[in-house]
file query_38.cif (mmCIF, C-alpha atoms)
data_target
#
loop_
_atom_site.label_atom_id
_atom_site.label_comp_id
_atom_site.auth_asym_id
_atom_site.auth_seq_id
_atom_site.Cartn_x
_atom_site.Cartn_y
_atom_site.Cartn_z
CA MET H 257 7.35 -23.44 17.52
CA GLY H 258 4.79 -22.92 14.72
CA ALA H 259 2.71 -20.11 13.30
CA PRO H 260 -0.80 -19.58 14.64
CA VAL H 261 -3.63 -20.98 12.48
CA VAL H 262 -7.04 -19.34 12.10
CA VAL H 263 -9.96 -21.71 11.56
CA THR H 264 -13.46 -20.66 10.54
CA VAL H 265 -16.18 -22.95 11.88
CA ASP H 266 -19.73 -23.16 10.54
CA PRO H 267 -21.96 -22.44 13.54
CA ARG H 268 -24.60 -24.89 12.26
CA GLY H 269 -22.07 -27.70 12.17
CA ASP H 270 -22.71 -28.78 8.58
CA VAL H 271 -20.99 -27.83 5.35
CA ASP H 272 -22.88 -27.47 2.10
CA THR H 273 -21.00 -29.59 -0.45
CA ARG H 274 -23.02 -28.36 -3.44
CA LEU H 275 -20.46 -25.60 -3.95
CA GLY H 276 -17.58 -28.05 -4.16
CA PRO H 277 -14.74 -28.93 -1.86
CA PRO H 278 -13.07 -26.24 0.23
CA PRO H 279 -10.26 -24.45 -1.58
CA GLY H 280 -6.69 -25.48 -0.90
CA ALA H 281 -3.76 -23.28 -0.10
CA PRO H 282 -2.80 -20.87 -2.88
CA ASP H 283 0.14 -21.87 -5.05
CA GLY H 284 3.36 -19.90 -5.33
CA ILE H 285 2.41 -18.14 -8.59
CA GLY H 286 0.50 -15.41 -6.75
CA LEU H 287 3.50 -14.66 -4.56
CA LYS H 288 5.83 -14.59 -7.56
CA LEU H 289 3.55 -12.26 -9.54
CA SER H 290 3.11 -9.85 -6.66
CA ALA H 291 6.86 -9.79 -5.95
CA ALA H 292 7.53 -9.07 -9.64
CA GLY H 293 4.98 -6.23 -9.56
CA VAL H 294 6.61 -4.68 -6.52
CA ALA H 295 10.07 -4.99 -8.10
CA LEU H 296 8.89 -3.32 -11.32
CA GLY H 297 7.19 -0.55 -9.36
CA CYS H 298 10.30 0.11 -7.30
CA THR H 299 12.45 0.20 -10.45
CA ALA H 300 10.11 2.67 -12.13
CA ALA H 301 9.97 4.89 -9.04
CA SER H 302 13.77 4.84 -8.71
CA ALA H 303 14.22 5.77 -12.37
CA SER H 304 11.76 8.64 -12.02
CA CYS H 305 13.49 9.98 -8.92
CA ALA H 306 16.92 9.66 -10.54
CA GLY H 307 15.70 11.63 -13.56
CA LEU H 308 14.30 14.40 -11.38
CA LEU H 309 17.48 14.52 -9.33
CA ALA H 310 19.67 14.73 -12.44
CA ALA H 311 17.51 17.55 -13.87
CA ASP H 312 17.72 19.47 -10.58
CA LEU H 313 21.50 19.01 -10.44
CA ARG H 314 21.89 20.32 -14.00
CA HIS H 315 19.71 23.32 -13.13
CA ARG H 316 21.83 24.10 -10.05
CA LEU H 317 25.05 23.86 -12.06
CA ARG H 318 23.69 26.29 -14.65
CA ARG H 319 22.73 28.80 -11.96
CA ARG H 320 26.14 28.57 -10.30
CA THR H 321 28.22 29.12 -13.45
CA GLY H 322 25.79 31.42 -15.26
CA ARG H 323 26.37 29.53 -18.51
CA PRO H 324 24.03 27.12 -20.22
CA GLY H 325 25.08 23.56 -19.67
CA GLY H 326 27.21 24.45 -16.65
CA VAL H 327 30.49 23.77 -18.47
CA THR H 328 33.32 26.30 -18.63
CA ALA H 329 35.77 26.20 -21.50
CA LEU H 330 39.29 27.55 -21.73
CA VAL H 331 40.46 28.51 -25.21
CA LYS H 332 44.10 29.22 -25.94
CA ASN H 333 45.38 30.82 -29.16
#

call {"tool": "encode", "arguments": {"input": "query_38.cif", "output": "structure tokens"}}
result
Amino acid sequence: MGAPVVVTVDPRGDVDTRLGPPPGAPDGIGLKLSAAGVALGCTAASASCAGLLAADLRHRLRRRTGRPGGVTALVKN
């Protein structure tokens, strides 16, 4: 039905209120910031991988054709 809840109990049975009330549940800003960080990291990693893949593909095309740039041209007079 519900999610399990973990409760920490003071073994002495009393709570020192000089430090203030117990903290509440965190708000949604932490979740939003962490999700944005993960999204930015994934975007950066994908862009880096795509750049490496494109460079490798260009290198393979150059090796196959033996010409720089990998493009063959046909010239007619």

call {"tool": "atom_distance", "arguments": {"input": "query_38.cif", "atom1": "CA of Asp283 (chain H)", "atom2": "CA of Val261 (chain H)"}}
result
18.0 Å

call {"tool": "atom_distance", "arguments": {"input": "query_38.cif", "atom1": "CA of Ala295 (chain H)", "atom2": "CA of Pro260 (chain H)"}}
result
29.1 Å

call {"tool": "atom_distance", "arguments": {"input": "query_38.cif", "atom1": "CA of Ile285 (chain H)", "atom2": "CA of Val263 (chain H)"}}
result
23.9 Å

call {"tool": "decode", "arguments": {"input": "query_38.cif", "residues": "region 272-291 of chain H", "atoms": "N, CA, C and O atoms", "output": "PDB file, in the first residue's frame"}}
result
ATOM      1  N   ASP H 272      16.565  17.349  22.597  1.00  0.00           N
ATOM      2  CA  ASP H 272      17.093  18.652  22.974  1.00  0.00           C
ATOM      3  C   ASP H 272      16.537  19.701  22.009  1.00  0.00           C
ATOM      4  O   ASP H 272      16.832  19.676  20.809  1.00  0.00           O
ATOM      5  N   THR H 273      15.717  20.616  22.529  1.00  0.00           N
ATOM      6  CA  THR H 273      15.081  21.618  21.667  1.00  0.00           C
ATOM      7  C   THR H 273      15.928  22.875  21.513  1.00  0.00           C
ATOM      8  O   THR H 273      15.504  23.816  20.851  1.00  0.00           O
ATOM      9  N   ARG H 274      17.119  22.920  22.108  1.00  0.00           N
ATOM     10  CA  ARG H 274      17.965  24.103  21.960  1.00  0.00           C
ATOM     11  C   ARG H 274      18.437  24.274  20.516  1.00  0.00           C
ATOM     12  O   ARG H 274      18.744  25.384  20.092  1.00  0.00           O
ATOM     13  N   LEU H 275      18.490  23.211  19.769  1.00  0.00           N
ATOM     14  CA  LEU H 275      18.951  23.280  18.384  1.00  0.00           C
ATOM     15  C   LEU H 275      17.824  23.613  17.418  1.00  0.00           C
ATOM     16  O   LEU H 275      18.052  23.716  16.214  1.00  0.00           O
ATOM     17  N   GLY H 276      16.631  23.768  17.909  1.00  0.00           N
ATOM     18  CA  GLY H 276      15.510  24.117  17.047  1.00  0.00           C
ATOM     19  C   GLY H 276      14.645  22.911  16.757  1.00  0.00           C
ATOM     20  O   GLY H 276      14.919  21.787  17.173  1.00  0.00           O
ATOM     21  N   PRO H 277      13.572  23.169  16.024  1.00  0.00           N
ATOM     22  CA  PRO H 277      12.663  22.061  15.707  1.00  0.00           C
ATOM     23  C   PRO H 277      13.291  21.117  14.679  1.00  0.00           C
ATOM     24  O   PRO H 277      14.215  21.499  13.959  1.00  0.00           O
ATOM     25  N   PRO H 278      12.808  19.900  14.626  1.00  0.00           N
ATOM     26  CA  PRO H 278      13.357  18.960  13.638  1.00  0.00           C
ATOM     27  C   PRO H 278      13.071  19.457  12.217  1.00  0.00           C
ATOM     28  O   PRO H 278      12.045  20.098  11.979  1.00  0.00           O
ATOM     29  N   PRO H 279      13.994  19.192  11.304  1.00  0.00           N
ATOM     30  CA  PRO H 279      13.790  19.673   9.935  1.00  0.00           C
ATOM     31  C   PRO H 279      12.628  18.955   9.265  1.00  0.00           C
ATOM     32  O   PRO H 279      12.335  17.803   9.546  1.00  0.00           O
ATOM     33  N   GLY H 280      11.974  19.679   8.357  1.00  0.00           N
ATOM     34  CA  GLY H 280      10.879  19.089   7.601  1.00  0.00           C
ATOM     35  C   GLY H 280      11.400  18.376   6.368  1.00  0.00           C
ATOM     36  O   GLY H 280      12.609  18.261   6.144  1.00  0.00           O
ATOM     37  N   ALA H 281      10.488  17.912   5.589  1.00  0.00           N
ATOM     38  CA  ALA H 281      10.860  17.234   4.347  1.00  0.00           C
ATOM     39  C   ALA H 281      11.457  18.255   3.377  1.00  0.00           C
ATOM     40  O   ALA H 281      11.039  19.415   3.359  1.00  0.00           O
ATOM     41  N   PRO H 282      12.452  17.845   2.590  1.00  0.00           N
ATOM     42  CA  PRO H 282      13.040  18.792   1.639  1.00  0.00           C
ATOM     43  C   PRO H 282      12.029  19.192   0.569  1.00  0.00           C
ATOM     44  O   PRO H 282      11.138  18.425   0.207  1.00  0.00           O
ATOM     45  N   ASP H 283      12.188  20.428   0.083  1.00  0.00           N
ATOM     46  CA  ASP H 283      11.267  20.881  -0.967  1.00  0.00           C
ATOM     47  C   ASP H 283      11.711  20.345  -2.322  1.00  0.00           C
ATOM     48  O   ASP H 283      12.722  19.671  -2.440  1.00  0.00           O
ATOM     49  N   GLY H 284      10.958  20.640  -3.344  1.00  0.00           N
ATOM     50  CA  GLY H 284      11.211  20.080  -4.669  1.00  0.00           C
ATOM     51  C   GLY H 284      12.363  20.726  -5.416  1.00  0.00           C
ATOM     52  O   GLY H 284      12.749  20.247  -6.471  1.00  0.00           O
ATOM     53  N   ILE H 285      12.941  21.822  -4.869  1.00  0.00           N
ATOM     54  CA  ILE H 285      14.011  22.512  -5.596  1.00  0.00           C
ATOM     55  C   ILE H 285      15.264  21.630  -5.702  1.00  0.00           C
ATOM     56  O   ILE H 285      15.951  21.644  -6.725  1.00  0.00           O
ATOM     57  N   GLY H 286      15.548  20.853  -4.693  1.00  0.00           N
ATOM     58  CA  GLY H 286      16.709  19.962  -4.748  1.00  0.00           C
ATOM     59  C   GLY H 286      16.570  18.916  -5.843  1.00  0.00           C
ATOM     60  O   GLY H 286      17.514  18.637  -6.581  1.00  0.00           O
ATOM     61  N   LEU H 287      15.391  18.367  -5.962  1.00  0.00           N
ATOM     62  CA  LEU H 287      15.117  17.373  -7.003  1.00  0.00           C
ATOM     63  C   LEU H 287      15.240  17.994  -8.385  1.00  0.00           C
ATOM     64  O   LEU H 287      15.844  17.424  -9.295  1.00  0.00           O
ATOM     65  N   LYS H 288      14.695  19.209  -8.537  1.00  0.00           N
ATOM     66  CA  LYS H 288      14.752  19.884  -9.829  1.00  0.00           C
ATOM     67  C   LYS H 288      16.192  20.221 -10.217  1.00  0.00           C
ATOM     68  O   LYS H 288      16.590  20.052 -11.369  1.00  0.00           O
ATOM     69  N   LEU H 289      16.978  20.705  -9.259  1.00  0.00           N
ATOM     70  CA  LEU H 289      18.371  21.041  -9.553  1.00  0.00           C
ATOM     71  C   LEU H 289      19.193  19.805  -9.900  1.00  0.00           C
ATOM     72  O   LEU H 289      20.014  19.834 -10.821  1.00  0.00           O
ATOM     73  N   SER H 290      18.983  18.734  -9.191  1.00  0.00           N
ATOM     74  CA  SER H 290      19.747  17.521  -9.492  1.00  0.00           C
ATOM     75  C   SER H 290      19.334  16.933 -10.837  1.00  0.00           C
ATOM     76  O   SER H 290      20.181  16.457 -11.604  1.00  0.00           O
ATOM     77  N   ALA H 291      18.060  16.983 -11.173  1.00  0.00           N
ATOM     78  CA  ALA H 291      17.603  16.489 -12.477  1.00  0.00           C
ATOM     79  C   ALA H 291      18.180  17.346 -13.605  1.00  0.00           C
ATOM     80  O   ALA H 291      18.597  16.827 -14.647  1.00  0.00           O
TER      81      ALA H 291
END
